[in-house]
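Trainee: So here's entry-v6.pdb (PDB, N, CA and C atoms).
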ATOM      1  N   MET A 978      39.473   5.589-102.642
ATOM      2  CA  MET A 978      40.764   5.638-102.005
ATOM      3  C   MET A 978      41.739   4.790-102.837
ATOM      4  N   ARG A 979      43.015   5.149-102.788
ATOM      5  CA  ARG A 979      44.052   4.466-103.560
ATOM      6  C   ARG A 979      45.088   3.862-102.610
ATOM      7  N   ALA A 980      45.558   2.668-102.925
ATOM      8  CA  ALA A 980      46.644   2.023-102.176
ATOM      9  C   ALA A 980      47.825   1.844-103.121
ATOM     10  N   VAL A 981      49.018   2.065-102.618
ATOM     11  CA  VAL A 981      50.230   1.886-103.402
ATOM     12  C   VAL A 981      51.150   0.945-102.634
ATOM     13  N   ILE A 982      51.604  -0.113-103.303
ATOM     14  CA  ILE A 982      52.486  -1.098-102.689
ATOM     15  C   ILE A 982      53.831  -1.042-103.410
ATOM     16  N   PRO A 983      54.895  -0.593-102.747
ATOM     17  CA  PRO A 983      56.219  -0.647-103.373
ATOM     18  C   PRO A 983      56.755  -2.079-103.307
ATOM     19  N   PHE A 984      57.384  -2.534-104.395
ATOM     20  CA  PHE A 984      57.890  -3.909-104.429
ATOM     21  C   PHE A 984      59.110  -3.978-105.327
ATOM     22  N   LYS A 985      60.140  -4.673-104.870
ATOM     23  CA  LYS A 985      61.280  -4.961-105.733
ATOM     24  C   LYS A 985      61.671  -6.418-105.568
ATOM     25  N   LYS A 986      61.898  -7.053-106.702
ATOM     26  CA  LYS A 986      62.245  -8.471-106.702
ATOM     27  C   LYS A 986      63.730  -8.669-106.426
ATOM     28  N   SER A 987      64.567  -7.805-106.975
ATOM     29  CA  SER A 987      66.009  -7.991-106.821
ATOM     30  C   SER A 987      66.438  -7.735-105.380
ATOM     31  N   ASN A 988      67.222  -8.650-104.866
ATOM     32  CA  ASN A 988      67.733  -8.571-103.498
ATOM     33  C   ASN A 988      66.605  -8.505-102.465
ATOM     34  N   ALA A 989      65.538  -9.228-102.726
ATOM     35  CA  ALA A 989      64.377  -9.225-101.835
ATOM     36  C   ALA A 989      64.729  -9.808-100.471
ATOM     37  N   ASN A 990      64.224  -9.183 -99.438
ATOM     38  CA  ASN A 990      64.405  -9.662 -98.065
ATOM     39  C   ASN A 990      65.861  -9.996 -97.755
ATOM     40  N   SER A 991      66.758  -9.107 -98.110
ATOM     41  CA  SER A 991      68.198  -9.367 -97.978
ATOM     42  C   SER A 991      68.632  -9.646 -96.542
ATOM     43  N   ARG A 992      67.885  -9.163 -95.576
ATOM     44  CA  ARG A 992      68.259  -9.422 -94.176
ATOM     45  C   ARG A 992      68.119 -10.892 -93.807
ATOM     46  N   LEU A 993      67.414 -11.645 -94.637
ATOM     47  CA  LEU A 993      67.247 -13.081 -94.381
ATOM     48  C   LEU A 993      68.256 -13.930 -95.156
ATOM     49  N   SER A 994      69.248 -13.289 -95.773
ATOM     50  CA  SER A 994      70.183 -14.010 -96.638
ATOM     51  C   SER A 994      70.995 -15.074 -95.899
ATOM     52  N   SER A 995      71.161 -14.938 -94.599
ATOM     53  CA  SER A 995      71.894 -15.968 -93.857
ATOM     54  C   SER A 995      71.033 -17.214 -93.605
ATOM     55  N   LEU A 996      69.725 -17.084 -93.804
ATOM     56  CA  LEU A 996      68.803 -18.200 -93.554
ATOM     57  C   LEU A 996      68.183 -18.778 -94.814
ATOM     58  N   LEU A 997      67.968 -17.921 -95.835
ATOM     59  CA  LEU A 997      67.269 -18.344 -97.039
ATOM     60  C   LEU A 997      68.101 -18.058 -98.281
ATOM     61  N   SER A 998      67.955 -18.894 -99.297
ATOM     62  CA  SER A 998      68.635 -18.655-100.571
ATOM     63  C   SER A 998      67.952 -17.496-101.295
ATOM     64  N   LYS A 999      68.574 -17.016-102.358
ATOM     65  CA  LYS A 999      67.992 -15.926-103.143
ATOM     66  C   LYS A 999      66.617 -16.323-103.680
ATOM     67  N   THR A1000      66.512 -17.535-104.184
ATOM     68  CA  THR A1000      65.229 -18.012-104.718
ATOM     69  C   THR A1000      64.169 -18.080-103.625
ATOM     70  N   GLU A1001      64.538 -18.578-102.466
ATOM     71  CA  GLU A1001      63.589 -18.658-101.345
ATOM     72  C   GLU A1001      63.144 -17.268-100.907
ATOM     73  N   ARG A1002      64.073 -16.309-100.895
ATOM     74  CA  ARG A1002      63.717 -14.941-100.505
ATOM     75  C   ARG A1002      62.780 -14.308-101.527
ATOM     76  N   GLU A1003      63.014 -14.559-102.809
ATOM     77  CA  GLU A1003      62.124 -14.030-103.845
ATOM     78  C   GLU A1003      60.733 -14.654-103.729
ATOM     79  N   GLU A1004      60.685 -15.961-103.488
ATOM     80  CA  GLU A1004      59.397 -16.627-103.312
ATOM     81  C   GLU A1004      58.650 -16.072-102.105
ATOM     82  N   LEU A1005      59.365 -15.823-101.015
ATOM     83  CA  LEU A1005      58.759 -15.233 -99.827
ATOM     84  C   LEU A1005      58.236 -13.832-100.136
ATOM     85  N   ALA A1006      59.015 -13.035-100.858
ATOM     86  CA  ALA A1006      58.598 -11.676-101.204
ATOM     87  C   ALA A1006      57.318 -11.696-102.035
ATOM     88  N   PHE A1007      57.239 -12.604-103.024
ATOM     89  CA  PHE A1007      56.032 -12.704-103.841
ATOM     90  C   PHE A1007      54.842 -13.191-103.026
ATOM     91  N   ALA A1008      55.072 -14.133-102.126
ATOM     92  CA  ALA A1008      53.982 -14.611-101.268
ATOM     93  C   ALA A1008      53.450 -13.476-100.398
ATOM     94  N   MET A1009      54.358 -12.695 -99.840
ATOM     95  CA  MET A1009      53.944 -11.561 -99.005
ATOM     96  C   MET A1009      53.199 -10.517 -99.841
ATOM     97  N   LEU A1010      53.699 -10.238-101.051
ATOM     98  CA  LEU A1010      53.032  -9.287-101.938
ATOM     99  C   LEU A1010      51.624  -9.748-102.269
ATOM    100  N   ASN A1011      51.474 -11.017-102.624
ATOM    101  CA  ASN A1011      50.145 -11.531-102.946
ATOM    102  C   ASN A1011      49.213 -11.497-101.739
ATOM    103  N   ASP A1012      49.724 -11.762-100.552
ATOM    104  CA  ASP A1012      48.902 -11.673 -99.343
ATOM    105  C   ASP A1012      48.417 -10.244 -99.107
ATOM    106  N   VAL A1013      49.329  -9.285 -99.204
ATOM    107  CA  VAL A1013      48.964  -7.880 -98.971
ATOM    108  C   VAL A1013      47.974  -7.411-100.031
ATOM    109  N   ALA A1014      48.289  -7.687-101.302
ATOM    110  CA  ALA A1014      47.410  -7.252-102.390
ATOM    111  C   ALA A1014      46.037  -7.911-102.273
ATOM    112  N   GLY A1015      46.008  -9.194-101.978
ATOM    113  CA  GLY A1015      44.739  -9.895-101.825
ATOM    114  C   GLY A1015      43.897  -9.339-100.689
ATOM    115  N   THR A1016      44.543  -9.000 -99.593
ATOM    116  CA  THR A1016      43.835  -8.417 -98.454
ATOM    117  C   THR A1016      43.251  -7.055 -98.824
ATOM    118  N   LEU A1017      44.035  -6.239 -99.534
ATOM    119  CA  LEU A1017      43.538  -4.925 -99.953
ATOM    120  C   LEU A1017      42.348  -5.061-100.902
ATOM    121  N   VAL A1018      42.436  -5.991-101.851
ATOM    122  CA  VAL A1018      41.337  -6.200-102.784
ATOM    123  C   VAL A1018      40.089  -6.673-102.048
ATOM    124  N   SER A1019      40.246  -7.662-101.181
ATOM    125  CA  SER A1019      39.081  -8.221-100.484
ATOM    126  C   SER A1019      38.466  -7.261 -99.475
ATOM    127  N   SER A1020      39.231  -6.258 -99.045
ATOM    128  CA  SER A1020      38.672  -5.286 -98.095
ATOM    129  C   SER A1020      37.594  -4.434 -98.743
ATOM    130  N   GLY A1021      37.684  -4.247-100.054
ATOM    131  CA  GLY A1021      36.693  -3.427-100.746
ATOM    132  C   GLY A1021      36.822  -1.944-100.472
ATOM    133  N   CYS A1022      37.888  -1.527 -99.824
ATOM    134  CA  CYS A1022      38.065  -0.130 -99.421
ATOM    135  C   CYS A1022      38.805   0.720-100.456
ATOM    136  N   PHE A1023      39.345   0.088-101.494
ATOM    137  CA  PHE A1023      40.216   0.816-102.413
ATOM    138  C   PHE A1023      39.679   0.776-103.832
ATOM    139  N   ASP A1024      39.620   1.957-104.453
ATOM    140  CA  ASP A1024      39.209   2.048-105.853
ATOM    141  C   ASP A1024      40.352   1.626-106.771
ATOM    142  N   VAL A1025      41.581   1.947-106.382
ATOM    143  CA  VAL A1025      42.768   1.647-107.173
ATOM    144  C   VAL A1025      43.828   1.065-106.254
ATOM    145  N   ILE A1026      44.472  -0.018-106.702
ATOM    146  CA  ILE A1026      45.606  -0.588-105.984
ATOM    147  C   ILE A1026      46.742  -0.698-106.983
ATOM    148  N   ASP A1027      47.814   0.042-106.749
ATOM    149  CA  ASP A1027      48.981   0.032-107.624
ATOM    150  C   ASP A1027      50.136  -0.679-106.943
ATOM    151  N   ILE A1028      50.897  -1.420-107.723
ATOM    152  CA  ILE A1028      52.162  -1.960-107.252
ATOM    153  C   ILE A1028      53.241  -1.231-108.027
ATOM    154  N   LEU A1029      54.092  -0.507-107.325
ATOM    155  CA  LEU A1029      55.216   0.170-107.952
ATOM    156  C   LEU A1029      56.416  -0.757-107.897
ATOM    157  N   SER A1030      56.952  -1.065-109.059
ATOM    158  CA  SER A1030      58.063  -2.001-109.135
ATOM    159  C   SER A1030      59.020  -1.569-110.233
ATOM    160  N   PRO A1031      60.339  -1.698-109.984
ATOM    161  CA  PRO A1031      61.298  -1.351-111.029
ATOM    162  C   PRO A1031      61.344  -2.381-112.153
ATOM    163  N   SER A1032      60.643  -3.505-112.013
ATOM    164  CA  SER A1032      60.575  -4.515-113.069
ATOM    165  C   SER A1032      59.152  -5.047-113.153
ATOM    166  N   MET A1033      58.793  -5.580-114.308
ATOM    167  CA  MET A1033      57.454  -6.139-114.471
ATOM    168  C   MET A1033      57.344  -7.425-113.663
ATOM    169  N   ILE A1034      56.223  -7.574-112.993
ATOM    170  CA  ILE A1034      55.966  -8.760-112.192
ATOM    171  C   ILE A1034      54.535  -9.206-112.436
ATOM    172  N   GLU A1035      54.226 -10.420-112.055
ATOM    173  CA  GLU A1035      52.869 -10.925-112.146
ATOM    174  C   GLU A1035      52.376 -11.226-110.745
ATOM    175  N   VAL A1036      51.144 -10.828-110.486
ATOM    176  CA  VAL A1036      50.529 -11.112-109.189
ATOM    177  C   VAL A1036      49.261 -11.901-109.413
ATOM    178  N   GLU A1037      48.792 -12.526-108.367
ATOM    179  CA  GLU A1037      47.637 -13.422-108.468
ATOM    180  C   GLU A1037      46.298 -12.709-108.287
ATOM    181  N   VAL A1038      46.314 -11.418-108.024
ATOM    182  CA  VAL A1038      45.069 -10.682-107.812
ATOM    183  C   VAL A1038      44.894  -9.666-108.938
ATOM    184  N   PRO A1039      43.651  -9.268-109.244
ATOM    185  CA  PRO A1039      43.393  -8.366-110.372
ATOM    186  C   PRO A1039      43.691  -6.900-110.034
ATOM    187  N   ILE A1040      44.965  -6.518-110.111
ATOM    188  CA  ILE A1040      45.346  -5.130-109.848
ATOM    189  C   ILE A1040      46.337  -4.671-110.902
ATOM    190  N   ARG A1041      46.563  -3.368-110.946
ATOM    191  CA  ARG A1041      47.476  -2.791-111.923
ATOM    192  C   ARG A1041      48.894  -2.788-111.374
ATOM    193  N   VAL A1042      49.840  -3.198-112.207
ATOM    194  CA  VAL A1042      51.252  -3.155-111.849
ATOM    195  C   VAL A1042      51.889  -2.030-112.654
ATOM    196  N   THR A1043      52.486  -1.060-111.975
ATOM    197  CA  THR A1043      53.083   0.095-112.620
ATOM    198  C   THR A1043      54.586  -0.051-112.605
ATOM    199  N   GLU A1044      55.218  -0.028-113.778
ATOM    200  CA  GLU A1044      56.669  -0.191-113.857
ATOM    201  C   GLU A1044      57.324   1.183-113.741
ATOM    202  N   MET A1045      57.818   1.506-112.554
ATOM    203  CA  MET A1045      58.458   2.785-112.285
ATOM    204  C   MET A1045      59.498   2.584-111.200
ATOM    205  N   GLY A1046      60.444   3.459-111.137
ATOM    206  CA  GLY A1046      61.400   3.424-110.043
ATOM    207  C   GLY A1046      60.759   3.956-108.786
ATOM    208  N   PHE A1047      61.293   3.559-107.643
ATOM    209  CA  PHE A1047      60.753   4.045-106.381
ATOM    210  C   PHE A1047      60.980   5.530-106.255
ATOM    211  N   GLY A1048      60.039   6.239-105.702
ATOM    212  CA  GLY A1048      60.159   7.670-105.473
ATOM    213  C   GLY A1048      59.827   8.517-106.687
ATOM    214  N   MET A1049      59.480   7.900-107.814
ATOM    215  CA  MET A1049      59.139   8.657-109.011
ATOM    216  C   MET A1049      57.664   8.979-109.020
ATOM    217  N   LYS A1050      57.331  10.115-109.561
ATOM    218  CA  LYS A1050      55.928  10.509-109.685
ATOM    219  C   LYS A1050      55.471  10.301-111.121
ATOM    220  N   PRO A1051      54.209   9.914-111.317
ATOM    221  CA  PRO A1051      53.708   9.698-112.683
ATOM    222  C   PRO A1051      53.625  10.991-113.454
TER     223      PRO A1051
END
Since I need it in another form, could you write the structure as structure tokens?
Mentor:
Amino acid sequence: MRAVIPFKKSNANSRLSSLLSKTEREELAFAMLNDVAGTLVSSGCFDVIDILSPSMIEVEVPIRVTEMGFGMKP
């Protein structure tokens, strides 16, 4: 089975802009991404876990990051 996680760093969690700075929102977005990716990896249910992102990012779990725009097909 394959899991796909869409992620964008720019303007992350914009609905929280009245409470958090841009840097804090980006840090929160990365923390949430790492939590989701880590949970998927540890579940053992997925052969492939892709993160679709319009920019290159680094995550703390051993998965593939695919640099593509949202809604694009490989």
Trainee: Atom C of A:Glu1004 and atom C of A:Ile982, how far apart in Å?
Mentor: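 Spanning atom C of A:Ile982 to atom C of A:Glu1004 is a straight-line distance of 15.8 Å.
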Trainee: Have a look at atom CA of A:Ser1019 and atom CA of A:Ser987 and let me know their distance in Å, one decimal.
Mentor: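 Going from atom CA of A:Ser1019 over to atom CA of A:Ser987, I get 27.7 Å.
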Trainee: Out of A:Glu1003, A:Ala1008, A:Ser994, A:Val1025, which residue has the shortest atom-to-atom distance to A:Ala980 when counting all atoms listed in the file?
Mentor: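 Using all atoms listed in the file, the shortest distance to A:Ala980 belongs to A:Val1025.
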Trainee: Give me the residues within 6.5 Å of A:Phe984 as a PyMOL selection string, counting all atoms listed in the file and dropping any in the same chain fewer than 3 places off.
Mentor: chain A and resi 1028-1031
Trainee: Work out how far apart atom C of A:Leu993 and atom C of A:Met1009 are and give it in Å to one decimal.
Mentor: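 Value for the atom C of A:Leu993-atom C of A:Met1009 distance: 16.1 Å.
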Trainee: Under the rule that only C-alpha atoms are counted, which of A:Leu997, A:Cys1022, A:Met978, A:Ala989 is the nearest residue to A:Leu1010?
Mentor: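 Residue with the minimum atom-to-atom distance to A:Leu1010: A:Ala989.
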Trainee: Between A:Asp1027, A:Asp1012, A:Gly1021, A:Leu1005, which is the closest to A:Asn990 once you count only C-alpha atoms?
Mentor: A:Leu1005
